[in-house]
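Visitor: The structure that follows is given in the form of structure tokens.
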Amino acid sequence: MTDHDGNGSSTVTPASNNADPATVFTALAEILYGGADASEVYSAICVAATLLVPGCDHASVMLRRNGEFVLVAASDDVAAAIDSHERHLGEGPCLDAIEEEVPQIEADLRNGSSWPALARAVVESTPVRGAMGFRLLIDERKVGALNLFSDTVGAFTSAAAADHASMLAAFASVTATAVGRGEDIDSLRSGLVSNREIGKAVGLVMAAQDLTADEAFDLLRRTSQQVNLKVADLARTVVENHSVGKDR
């Protein structure tokens with residue numbers, strides 16, 4: 001349910017954006033697997049935020065490169081404009097998220113914001129009333145932030161909003177790590193293939209030996225150590241042997 005205040009913003013008990021997390025992350029993985037470059041992946045993460053994070057209407061990814069803060073993706077012009085305000089004013093949840101260990105969350109920018117100049121500019125020029133910033137890391141170095149914005153007062157007070165944003169930030173960090181190490185998207189796709197093979201192998205072991213997922217993965221891990229194979233290589237062998245068996 002939505003009510004409107006005198007400033008034209010909406011106040012609600014925020015509803016979920018109704019996207020299934022597994023579906024969203026599968027779609028992101030497919031984008032990587034399908035040949036997207038890093039900028040396309042960051043853009044997809046921004047769009048995913050508006051689908052997955054309750055109350056999120058706009059999102060962006062900002063990275064620090066050579067001492068400068070750079071916008072690398074935004075879901076729309078509103079998110080891009082807010083990041084521009086932050087860089088110009090030198091304050092905001094996105095910039096603080098890069099420097100601080102904890103996420104930066106303000107559910108109502110009109111009510112005593114920690115970033116008064118930014119809050120004033122945002123409230124005056126955009127429909128946004130709430131903001132969150134989550135740090136992205138490469139090898140434990142602070143390199144950027146996933147930035148989320150809501151047009152709804154109080155939308156970012158829910159635990160689900162922070163939890164889903166944290167998951168997206170972790171995904172974005174993996175992408176940033178690969179790019180930061182000079183790895184290309186082919187390397188990321190290769191890693192996804194390995195993860196898929198592991199997932200398939202875990203499922204096969206669960207079915208064959210009536211184990212839980214954790215027990216099946218632990219069995220794969222222990223077996224890989226015993227035969228001196230990487231878990232991904234062992235998983236691939238398990239899946240290939242199963243496929244050969246089915247074809248006979």
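Order determines the names: the first chain of the structure tokens is A, the second B, and so forth; residues in each chain are numbered 1 upward, and ligands are numbered 1 upward as they are shown.
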Mind listing the helix (DSSP H, G or I) residues of segment 36-194 of chain A, per DSSP on the backbone, as a ChimeraX atom specification?

Guide: /A:38-52,77-89,93-99,116-125,155-157,159-180,185-194

Visitor: Near segment 42-45 of chain A, within 7 Å and counting only C-alpha atoms, which residues show up once chain neighbours fewer than 5 positions away are dropped, as a ChimeraX atom specification?

Guide: /A:28,61,73-75

Visitor: Restrict the selected residues to N, CA and C atoms and save them as a compact mmCIF listing (two decimals), in the first residue's frame.

Guide:
# COMPACT_ATOMS: atom_id res chain seq x y z
N LEU A 28 22.08 -13.53 -14.36
CA LEU A 28 23.37 -12.85 -14.37
C LEU A 28 24.48 -13.78 -14.83
N VAL A 61 26.90 1.39 -10.26
CA VAL A 61 28.18 0.85 -9.78
C VAL A 61 29.25 1.90 -10.02
N ALA A 73 28.41 1.97 -14.47
CA ALA A 73 27.11 1.49 -14.91
C ALA A 73 26.02 2.13 -14.07
N ALA A 74 24.85 2.30 -14.69
CA ALA A 74 23.69 2.83 -13.97
C ALA A 74 22.43 2.26 -14.60
N SER A 75 21.42 2.05 -13.78
CA SER A 75 20.17 1.51 -14.30
C SER A 75 19.40 2.55 -15.10

Visitor: Which of these residues is nearest to Gly92 of chain A, using only C-alpha atoms: A:Ala131, A:Val78, A:Leu71, A:Leu211?

Guide: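 Residue with the minimum atom-to-atom distance to Gly92 of chain A: A:Ala131.
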
Visitor: What is the distance between atom CA of Val174 of chain A and atom CA of Val47 of chain A, in Å to one decimal?

Guide: 17.3 Å

Visitor: Write down as a compact mmCIF listing (two decimals) with N, CA, C and O atoms, in the first residue's frame the residues belonging to segment 60-241 of chain A that are assigned strand (DSSP E or B) by DSSP computed on the backbone.

Guide:
# COMPACT_ATOMS: atom_id res chain seq x y z
N SER A 60 23.44 1.88 -9.32
CA SER A 60 24.65 2.19 -10.09
C SER A 60 25.84 1.46 -9.49
O SER A 60 25.78 0.96 -8.36
N VAL A 61 26.90 1.39 -10.26
CA VAL A 61 28.18 0.85 -9.78
C VAL A 61 29.25 1.90 -10.02
O VAL A 61 29.40 2.40 -11.13
N MET A 62 29.95 2.26 -8.95
CA MET A 62 31.04 3.23 -9.02
C MET A 62 32.33 2.53 -8.62
O MET A 62 32.37 1.78 -7.65
N LEU A 63 33.39 2.76 -9.38
CA LEU A 63 34.70 2.19 -9.07
C LEU A 63 35.72 3.30 -8.89
O LEU A 63 35.57 4.39 -9.44
N ARG A 64 36.77 3.01 -8.12
CA ARG A 64 37.87 3.95 -7.98
C ARG A 64 39.01 3.49 -8.87
O ARG A 64 39.55 2.40 -8.70
N ARG A 65 39.39 4.34 -9.81
CA ARG A 65 40.45 4.02 -10.75
C ARG A 65 41.48 5.15 -10.75
O ARG A 65 41.13 6.29 -11.02
N GLU A 68 40.59 8.22 -8.89
CA GLU A 68 39.36 8.91 -9.28
C GLU A 68 38.17 7.98 -9.16
O GLU A 68 38.27 6.78 -9.40
N PHE A 69 37.01 8.55 -8.80
CA PHE A 69 35.78 7.77 -8.75
C PHE A 69 35.09 7.84 -10.11
O PHE A 69 34.86 8.93 -10.65
N VAL A 70 34.77 6.67 -10.66
CA VAL A 70 34.23 6.58 -12.01
C VAL A 70 32.93 5.80 -11.99
O VAL A 70 32.85 4.70 -11.42
N LEU A 71 31.90 6.35 -12.62
CA LEU A 71 30.65 5.62 -12.79
C LEU A 71 30.82 4.64 -13.95
O LEU A 71 31.11 5.05 -15.07
N VAL A 72 30.64 3.34 -13.68
CA VAL A 72 30.82 2.35 -14.74
C VAL A 72 29.50 1.78 -15.24
O VAL A 72 29.45 1.17 -16.31
N ALA A 73 28.41 1.97 -14.47
CA ALA A 73 27.11 1.49 -14.91
C ALA A 73 26.02 2.13 -14.07
O ALA A 73 26.23 2.45 -12.90
N ALA A 74 24.85 2.30 -14.69
CA ALA A 74 23.69 2.83 -13.97
C ALA A 74 22.43 2.26 -14.60
O ALA A 74 22.39 2.03 -15.81
N GLN A 104 26.39 1.56 3.94
CA GLN A 104 25.85 2.88 4.25
C GLN A 104 24.37 2.89 3.87
O GLN A 104 24.03 2.68 2.70
N ILE A 105 23.50 3.11 4.85
CA ILE A 105 22.06 3.03 4.59
C ILE A 105 21.36 4.24 5.21
O ILE A 105 21.52 4.51 6.40
N GLU A 106 20.60 4.95 4.38
CA GLU A 106 19.72 6.00 4.88
C GLU A 106 18.36 5.82 4.23
O GLU A 106 18.22 5.93 3.01
N GLY A 130 15.60 7.51 -0.43
CA GLY A 130 16.45 6.62 0.36
C GLY A 130 17.63 6.12 -0.45
O GLY A 130 17.55 6.02 -1.68
N ALA A 131 18.73 5.81 0.24
CA ALA A 131 19.95 5.38 -0.47
C ALA A 131 20.71 4.34 0.34
O ALA A 131 20.68 4.35 1.58
N MET A 132 21.38 3.44 -0.37
CA MET A 132 22.27 2.47 0.26
C MET A 132 23.55 2.36 -0.58
O MET A 132 23.50 2.46 -1.80
N GLY A 133 24.67 2.13 0.10
CA GLY A 133 25.93 1.90 -0.58
C GLY A 133 26.63 0.69 0.01
O GLY A 133 26.74 0.57 1.24
N PHE A 134 27.08 -0.24 -0.84
CA PHE A 134 27.77 -1.45 -0.40
C PHE A 134 29.11 -1.54 -1.09
O PHE A 134 29.21 -1.44 -2.32
N ARG A 135 30.15 -1.74 -0.29
CA ARG A 135 31.51 -1.73 -0.80
C ARG A 135 31.81 -2.95 -1.67
O ARG A 135 31.37 -4.06 -1.40
N LEU A 136 32.58 -2.73 -2.73
CA LEU A 136 33.10 -3.79 -3.57
C LEU A 136 34.59 -3.91 -3.31
O LEU A 136 35.29 -2.91 -3.19
N LEU A 137 35.07 -5.15 -3.24
CA LEU A 137 36.47 -5.39 -2.91
C LEU A 137 37.16 -6.20 -4.00
O LEU A 137 36.55 -7.08 -4.61
N ILE A 138 38.43 -5.88 -4.23
CA ILE A 138 39.30 -6.72 -5.05
C ILE A 138 40.50 -7.08 -4.18
O ILE A 138 41.27 -6.21 -3.76
N ARG A 141 41.10 -5.05 -1.27
CA ARG A 141 41.28 -3.62 -1.50
C ARG A 141 39.93 -2.98 -1.79
O ARG A 141 39.09 -3.54 -2.47
N LYS A 142 39.73 -1.76 -1.28
CA LYS A 142 38.47 -1.06 -1.45
C LYS A 142 38.45 -0.38 -2.81
O LYS A 142 39.18 0.57 -3.04
N VAL A 143 37.62 -0.87 -3.71
CA VAL A 143 37.70 -0.37 -5.08
C VAL A 143 36.42 0.25 -5.62
O VAL A 143 36.45 0.88 -6.67
N GLY A 144 35.31 0.06 -4.96
CA GLY A 144 34.09 0.60 -5.53
C GLY A 144 32.89 0.35 -4.65
O GLY A 144 33.01 -0.09 -3.50
N ALA A 145 31.71 0.66 -5.19
CA ALA A 145 30.48 0.50 -4.43
C ALA A 145 29.32 0.19 -5.35
O ALA A 145 29.26 0.68 -6.48
N LEU A 146 28.43 -0.65 -4.85
CA LEU A 146 27.13 -0.85 -5.46
C LEU A 146 26.18 0.11 -4.76
O LEU A 146 26.06 0.09 -3.53
N ASN A 147 25.52 0.95 -5.53
CA ASN A 147 24.72 2.04 -4.98
C ASN A 147 23.26 1.84 -5.35
O ASN A 147 22.93 1.67 -6.53
N LEU A 148 22.39 1.87 -4.34
CA LEU A 148 20.97 1.60 -4.55
C LEU A 148 20.15 2.78 -4.05
O LEU A 148 20.45 3.36 -3.00
N PHE A 149 19.10 3.12 -4.79
CA PHE A 149 18.28 4.29 -4.46
C PHE A 149 16.80 3.93 -4.52
O PHE A 149 16.37 3.18 -5.40
N SER A 150 16.04 4.48 -3.58
CA SER A 150 14.61 4.22 -3.53
C SER A 150 13.82 5.52 -3.57
O SER A 150 14.19 6.51 -2.93
N THR A 152 10.93 5.59 -2.33
CA THR A 152 9.99 5.37 -1.24
C THR A 152 10.64 5.59 0.11
O THR A 152 11.64 4.93 0.43
N VAL A 153 10.11 6.48 0.89
CA VAL A 153 10.61 6.72 2.24
C VAL A 153 10.47 5.44 3.07
O VAL A 153 9.40 4.84 3.11

Visitor: To one decimal in Å, tell me the separation between atom CA of Ala107 of chain A and atom CA of Ala159 of chain A.

Guide: 12.2 Å
